[in-house]
$ cat input_25.tsv   # TSV, C-alpha atoms
chain	number	residue	atom	x	y	z
A	1	MET	CA	-39.67	394.06	-82.21
A	2	ASN	CA	-42.07	395.69	-79.75
A	3	SER	CA	-42.53	399.19	-81.02
A	4	THR	CA	-42.14	400.07	-84.65
A	5	ASP	CA	-41.79	403.66	-85.77
A	6	LEU	CA	-44.90	404.14	-87.88
A	7	ALA	CA	-43.88	407.53	-89.30
A	8	PRO	CA	-42.47	406.10	-92.56
A	9	TYR	CA	-45.73	404.22	-93.17
A	10	LYS	CA	-48.10	407.15	-92.68
A	11	ILE	CA	-49.36	409.88	-94.94
A	12	GLN	CA	-48.04	413.13	-93.52
A	13	ARG	CA	-48.98	416.77	-93.91
A	14	ILE	CA	-46.30	418.81	-95.65
A	15	ILE	CA	-46.07	422.60	-95.73
A	16	ASN	CA	-43.82	423.89	-98.50
A	17	GLY	CA	-44.04	427.66	-98.59
A	18	ALA	CA	-47.61	428.49	-99.59
A	19	GLU	CA	-48.30	424.88	-100.62
A	20	VAL	CA	-49.93	422.53	-98.13
A	21	TYR	CA	-50.40	418.93	-99.15
A	22	GLU	CA	-50.31	415.38	-97.81
A	23	ALA	CA	-47.86	412.73	-98.99
A	24	ASN	CA	-46.40	409.39	-98.11
A	25	SER	CA	-42.63	408.95	-97.90
A	26	GLY	CA	-42.64	405.28	-98.86
A	27	SER	CA	-44.87	402.24	-98.68
A	28	THR	CA	-47.96	402.93	-96.54
A	29	SER	CA	-48.66	399.21	-96.14
A	30	PRO	CA	-45.85	396.81	-96.97
A	31	LEU	CA	-48.06	393.79	-96.23
A	32	ALA	CA	-50.74	394.99	-98.69
A	33	ALA	CA	-48.00	395.68	-101.25
A	34	ARG	CA	-46.63	392.14	-100.92
A	35	ASP	CA	-50.15	390.72	-101.20
A	36	LEU	CA	-50.95	392.75	-104.34
A	37	GLN	CA	-47.69	391.73	-106.02
A	38	LYS	CA	-48.35	388.06	-105.19
A	39	LYS	CA	-51.86	388.26	-106.68
A	40	LEU	CA	-50.59	389.91	-109.86
A	41	THR	CA	-47.66	387.57	-110.45
A	42	GLY	CA	-48.70	385.35	-113.32
A	43	ASP	CA	-51.77	387.48	-114.12
A	44	ASP	CA	-51.69	388.21	-117.85
A	45	SER	CA	-53.63	391.45	-117.45
A	46	ALA	CA	-51.12	392.92	-114.95
A	47	ARG	CA	-48.94	395.72	-116.23
A	48	LYS	CA	-45.28	396.12	-115.30
A	49	PHE	CA	-43.48	399.45	-114.98
A	50	ASN	CA	-40.36	400.84	-113.33
A	51	TYR	CA	-40.57	403.51	-110.63
A	52	THR	CA	-37.76	405.58	-109.17
A	53	PRO	CA	-38.75	407.60	-106.08
A	54	PRO	CA	-36.95	410.88	-105.44
A	55	SER	CA	-33.48	410.05	-104.03
A	56	ASP	CA	-34.01	406.27	-104.04
A	57	ILE	CA	-33.35	403.30	-106.33
A	58	MET	CA	-35.44	402.10	-109.27
A	59	ARG	CA	-37.82	399.20	-108.69
A	60	SER	CA	-40.13	397.20	-110.93
A	61	VAL	CA	-43.80	397.06	-110.00
A	62	LEU	CA	-46.84	395.08	-111.20
A	63	VAL	CA	-50.26	396.76	-111.15
A	64	PRO	CA	-53.77	396.04	-112.49
A	65	GLN	CA	-54.88	397.81	-115.68
A	66	ARG	CA	-56.94	400.52	-113.87
A	67	HIS	CA	-53.95	401.44	-111.70
A	68	PHE	CA	-51.79	401.62	-114.83
A	69	GLU	CA	-54.28	403.97	-116.52
A	70	LEU	CA	-54.22	406.25	-113.49
A	71	LEU	CA	-50.44	406.08	-113.30
A	72	SER	CA	-50.06	406.98	-116.97
A	73	ARG	CA	-51.96	410.21	-116.27
A	74	LEU	CA	-49.94	411.04	-113.14
A	75	ALA	CA	-46.55	410.15	-114.67
A	76	ASP	CA	-45.86	413.71	-115.83
A	77	GLY	CA	-45.46	414.88	-112.21
A	78	ASN	CA	-48.05	417.66	-112.48
A	79	TRP	CA	-51.14	418.20	-110.34
A	80	HIS	CA	-54.20	416.44	-111.76
A	81	ALA	CA	-57.72	417.12	-110.50
A	82	ILE	CA	-59.12	414.01	-108.84
A	83	GLU	CA	-62.36	414.42	-110.76
A	84	SER	CA	-60.49	414.32	-114.09
A	85	LEU	CA	-58.80	411.04	-113.11
A	86	LYS	CA	-62.04	409.21	-112.45
A	87	SER	CA	-63.20	406.99	-115.24
A	88	THR	CA	-66.78	406.06	-115.92
A	89	ARG	CA	-66.21	402.67	-114.40
A	90	SER	CA	-64.19	403.28	-111.27
A	91	GLU	CA	-63.02	405.50	-108.45
A	92	THR	CA	-59.50	406.75	-107.81
A	93	ARG	CA	-59.14	406.25	-104.04
A	94	LYS	CA	-58.49	402.49	-104.08
A	95	PRO	CA	-55.92	402.58	-106.90
A	96	VAL	CA	-54.15	405.54	-105.25
A	97	ALA	CA	-54.12	403.71	-101.90
A	98	ASP	CA	-52.68	400.63	-103.62
A	99	LEU	CA	-50.01	402.69	-105.41
A	100	ARG	CA	-49.05	404.32	-102.09
A	101	ALA	CA	-48.89	400.88	-100.46
A	102	LEU	CA	-46.46	399.89	-103.23
A	103	GLY	CA	-44.27	402.85	-102.28
A	104	LEU	CA	-45.16	405.29	-105.04
A	105	ILE	CA	-45.06	408.77	-103.55
A	106	ILE	CA	-48.35	410.46	-104.34
A	107	GLU	CA	-49.12	413.91	-102.98
A	108	THR	CA	-52.69	415.07	-102.32
A	109	ASP	CA	-53.70	418.71	-102.30
A	110	ARG	CA	-57.10	418.91	-100.62
A	111	LYS	CA	-57.68	422.55	-101.64
A	112	LYS	CA	-57.08	421.79	-105.31
A	113	ALA	CA	-58.66	418.31	-104.96
A	114	ALA	CA	-55.70	416.99	-106.92
A	115	TYR	CA	-53.01	414.29	-106.95
A	116	ARG	CA	-49.37	414.55	-108.04
A	117	LEU	CA	-46.84	411.74	-108.45
A	118	ARG	CA	-43.27	412.31	-107.25
A	119	GLY	CA	-40.38	410.46	-108.82
A	120	GLU	CA	-39.86	409.03	-112.29
A	121	VAL	CA	-41.96	406.38	-114.01
A	122	GLU	CA	-40.94	404.24	-116.95
A	123	LEU	CA	-44.32	402.94	-118.14
A	124	TYR	CA	-43.05	400.70	-120.91
A	125	PRO	CA	-39.68	399.36	-119.77
A	126	LEU	CA	-37.49	397.86	-122.46
A	127	GLY	CA	-35.80	394.51	-122.00
A	128	LEU	CA	-36.17	392.06	-119.16
A	129	GLY	CA	-35.34	394.48	-116.37
A	130	LEU	CA	-32.33	392.47	-115.23
A	131	GLY	CA	-30.69	394.00	-112.19
A	132	ILE	CA	-33.77	396.05	-111.27
A	133	PRO	CA	-35.16	394.87	-107.93
A	134	ALA	CA	-38.85	394.06	-107.63
A	135	VAL	CA	-40.77	396.27	-105.22
A	136	CYS	CA	-41.08	393.38	-102.73
A	137	ASP	CA	-37.29	393.12	-102.53
A	138	LEU	CA	-37.22	396.62	-101.04
A	139	LEU	CA	-40.03	396.12	-98.50
A	140	PRO	CA	-39.62	394.94	-94.91
A	141	ASN	CA	-39.75	391.17	-94.38
A	142	LEU	CA	-43.09	389.50	-93.54
A	143	THR	CA	-42.48	389.53	-89.77
A	144	GLU	CA	-41.81	393.28	-89.85
A	145	CYS	CA	-44.82	393.81	-92.14
A	146	LEU	CA	-47.06	392.05	-89.64
A	147	GLU	CA	-45.62	394.11	-86.77
A	148	ILE	CA	-46.24	397.32	-88.72
A	149	GLU	CA	-49.88	396.33	-89.32
A	150	LYS	CA	-50.32	395.46	-85.62
A	151	GLN	CA	-48.89	398.82	-84.56
A	152	LYS	CA	-51.10	400.67	-87.04
A	153	ALA	CA	-54.18	398.82	-85.75
A	154	LYS	CA	-53.27	399.58	-82.12
A	155	ALA	CA	-52.79	403.26	-82.94
A	156	GLU	CA	-56.17	403.37	-84.72
A	157	ILE	CA	-57.93	401.69	-81.77
A	158	ALA	CA	-56.27	404.09	-79.32
A	159	LYS	CA	-57.50	407.03	-81.45
A	160	ARG	CA	-61.06	405.68	-81.48
A	161	ILE	CA	-61.03	405.09	-77.70
A	162	SER	CA	-59.70	408.60	-77.11
A	163	ARG	CA	-62.41	410.06	-79.36
A	164	ALA	CA	-65.10	408.07	-77.51
A	165	LYS	CA	-63.76	409.25	-74.12
A	166	ARG	CA	-63.82	412.88	-75.25
A	167	THR	CA	-67.41	412.49	-76.45
A	168	ALA	CA	-68.45	410.82	-73.20
A	169	ASP	CA	-66.74	413.54	-71.13
A	170	MET	CA	-68.44	416.21	-73.21
A	171	LEU	CA	-71.85	414.57	-72.71
A	172	GLU	CA	-71.38	414.03	-68.98
A	173	GLY	CA	-73.91	416.05	-67.08
A	174	VAL	CA	-76.08	416.74	-70.13
A	175	SER	CA	-79.73	416.13	-69.40
A	176	TYR	CA	-82.04	414.72	-72.07
A	177	ASP	CA	-85.29	415.69	-70.33

$ encode --input "input_25.tsv" --output "structure tokens"
Amino acid sequence: MNSTDLAPYKIQRIINGAEVYEANSGSTSPLAARDLQKKLTGDDSARKFNYTPPSDIMRSVLVPQRHFELLSRLADGNWHAIESLKSTRSETRKPVADLRALGLIIETDRKKAAYRLRGEVELYPLGLGLGIPAVCDLLPNLTECLEIEKQKAKAEIAKRISRAKRTADMLEGVSYD
């Protein structure tokens, strides 16, 4: 597996009429998602919920309490100002990044400074959830996860090198006397 298409794992800009926002279309980091689920398995403070992305199948997900609090606010599918989602004890960026890694589709509107969750959330699932796959069952296998992370790192390094070259080219011939 030499070159992996990274498009499904990136946050992309979406223009929908007059609305411009950014959103992921699935897990932004399957390896991080697997790691988070492993850490939370057996953790008594972890909260379980079911998530159904638009036009996809339901999956069960474990998250820490802070992520669950944030998710309970976003569950209605409306835009919520980022500032209103912050609690006195924590930020929103890390939990949102973790939720995106887990495959929850969260849109960001930079003009409104707001987040919106797409799909349906069952915060307090009834029963044992038999027949509902865990989020890790729907992620790429570990080998593919590692390849995705390698490709993302290579793309980031290439971007940084390109930026440095542009800066150097721009500064070429500039005198500091």

$ closest_atom_pairs --input "input_25.tsv" --of "stretch 87-118 of chain A" --to "stretch 58-78 of chain A" --cutoff "10 Å" --atoms "all atoms listed in the file" --output "JSON lines"
{"residue": "A:Ser87", "atom": "CA", "partner": "A:Arg66", "partner_atom": "CA", "distance": 9.1}
{"residue": "A:Arg89", "atom": "CA", "partner": "A:Arg66", "partner_atom": "CA", "distance": 9.5}
{"residue": "A:Ser90", "atom": "CA", "partner": "A:Arg66", "partner_atom": "CA", "distance": 8.2}
{"residue": "A:Glu91", "atom": "CA", "partner": "A:Arg66", "partner_atom": "CA", "distance": 9.5}
{"residue": "A:Thr92", "atom": "CA", "partner": "A:Leu70", "partner_atom": "CA", "distance": 7.8}
{"residue": "A:Lys94", "atom": "CA", "partner": "A:His67", "partner_atom": "CA", "distance": 8.9}
{"residue": "A:Pro95", "atom": "CA", "partner": "A:His67", "partner_atom": "CA", "distance": 5.3}
{"residue": "A:Val96", "atom": "CA", "partner": "A:His67", "partner_atom": "CA", "distance": 7.6}
{"residue": "A:Asp98", "atom": "CA", "partner": "A:His67", "partner_atom": "CA", "distance": 8.2}
{"residue": "A:Leu99", "atom": "CA", "partner": "A:His67", "partner_atom": "CA", "distance": 7.5}
{"residue": "A:Leu102", "atom": "CA", "partner": "A:Val61", "partner_atom": "CA", "distance": 7.8}
{"residue": "A:Gly103", "atom": "CA", "partner": "A:Val61", "partner_atom": "CA", "distance": 9.7}
{"residue": "A:Leu104", "atom": "CA", "partner": "A:Val61", "partner_atom": "CA", "distance": 9.7}
{"residue": "A:Ile106", "atom": "CA", "partner": "A:Leu74", "partner_atom": "CA", "distance": 9.0}
{"residue": "A:Glu107", "atom": "CA", "partner": "A:Gly77", "partner_atom": "CA", "distance": 10.0}
{"residue": "A:Ala114", "atom": "CA", "partner": "A:Asn78", "partner_atom": "CA", "distance": 9.5}
{"residue": "A:Tyr115", "atom": "CA", "partner": "A:Leu74", "partner_atom": "CA", "distance": 7.6}
{"residue": "A:Arg116", "atom": "CA", "partner": "A:Asn78", "partner_atom": "CA", "distance": 5.6}
{"residue": "A:Leu117", "atom": "CA", "partner": "A:Gly77", "partner_atom": "CA", "distance": 5.1}
{"residue": "A:Arg118", "atom": "CA", "partner": "A:Gly77", "partner_atom": "CA", "distance": 6.0}

$ atom_distance --input "input_25.tsv" --atom1 "atom CA of A:Leu142" --atom2 "atom CA of A:Asn50"
23.0 Å

$ closest_residue --input "input_25.tsv" --among "A:Lys39, A:Arg166, A:Lys154, A:Lys111" --to "A:Ala81" --atoms "only C-alpha atoms"
A:Lys111

$ closest_residue --input "input_25.tsv" --among "A:Ser29, A:Ser84, A:Ser175, A:Thr167" --to "A:Leu146" --atoms "all atoms listed in the file"
A:Ser29

$ closest_residue --input "input_25.tsv" --among "A:Tyr9, A:Thr143, A:Ala113, A:Glu120" --to "A:Leu85" --atoms "only C-alpha atoms"
A:Ala113

$ atom_distance --input "input_25.tsv" --atom1 "atom CA of A:Thr28" --atom2 "atom CA of A:Pro140"
11.7 Å

$ atom_distance --input "input_25.tsv" --atom1 "atom CA of A:Asn141" --atom2 "atom CA of A:Pro53"
20.2 Å

$ closest_residue --input "input_25.tsv" --among "A:Glu22, A:Gly173, A:Pro30, A:Lys165" --to "A:Glu144" --atoms "only C-alpha atoms"
A:Pro30

$ closest_residue --input "input_25.tsv" --among "A:Asp35, A:Lys48, A:Ala97, A:Asp109" --to "A:Ala18" --atoms "all atoms listed in the file"
A:Asp109

$ closest_residue --input "input_25.tsv" --among "A:Val20, A:Ala32, A:Thr52, A:Pro133" --to "A:Ala101" --atoms "all atoms listed in the file"
A:Ala32
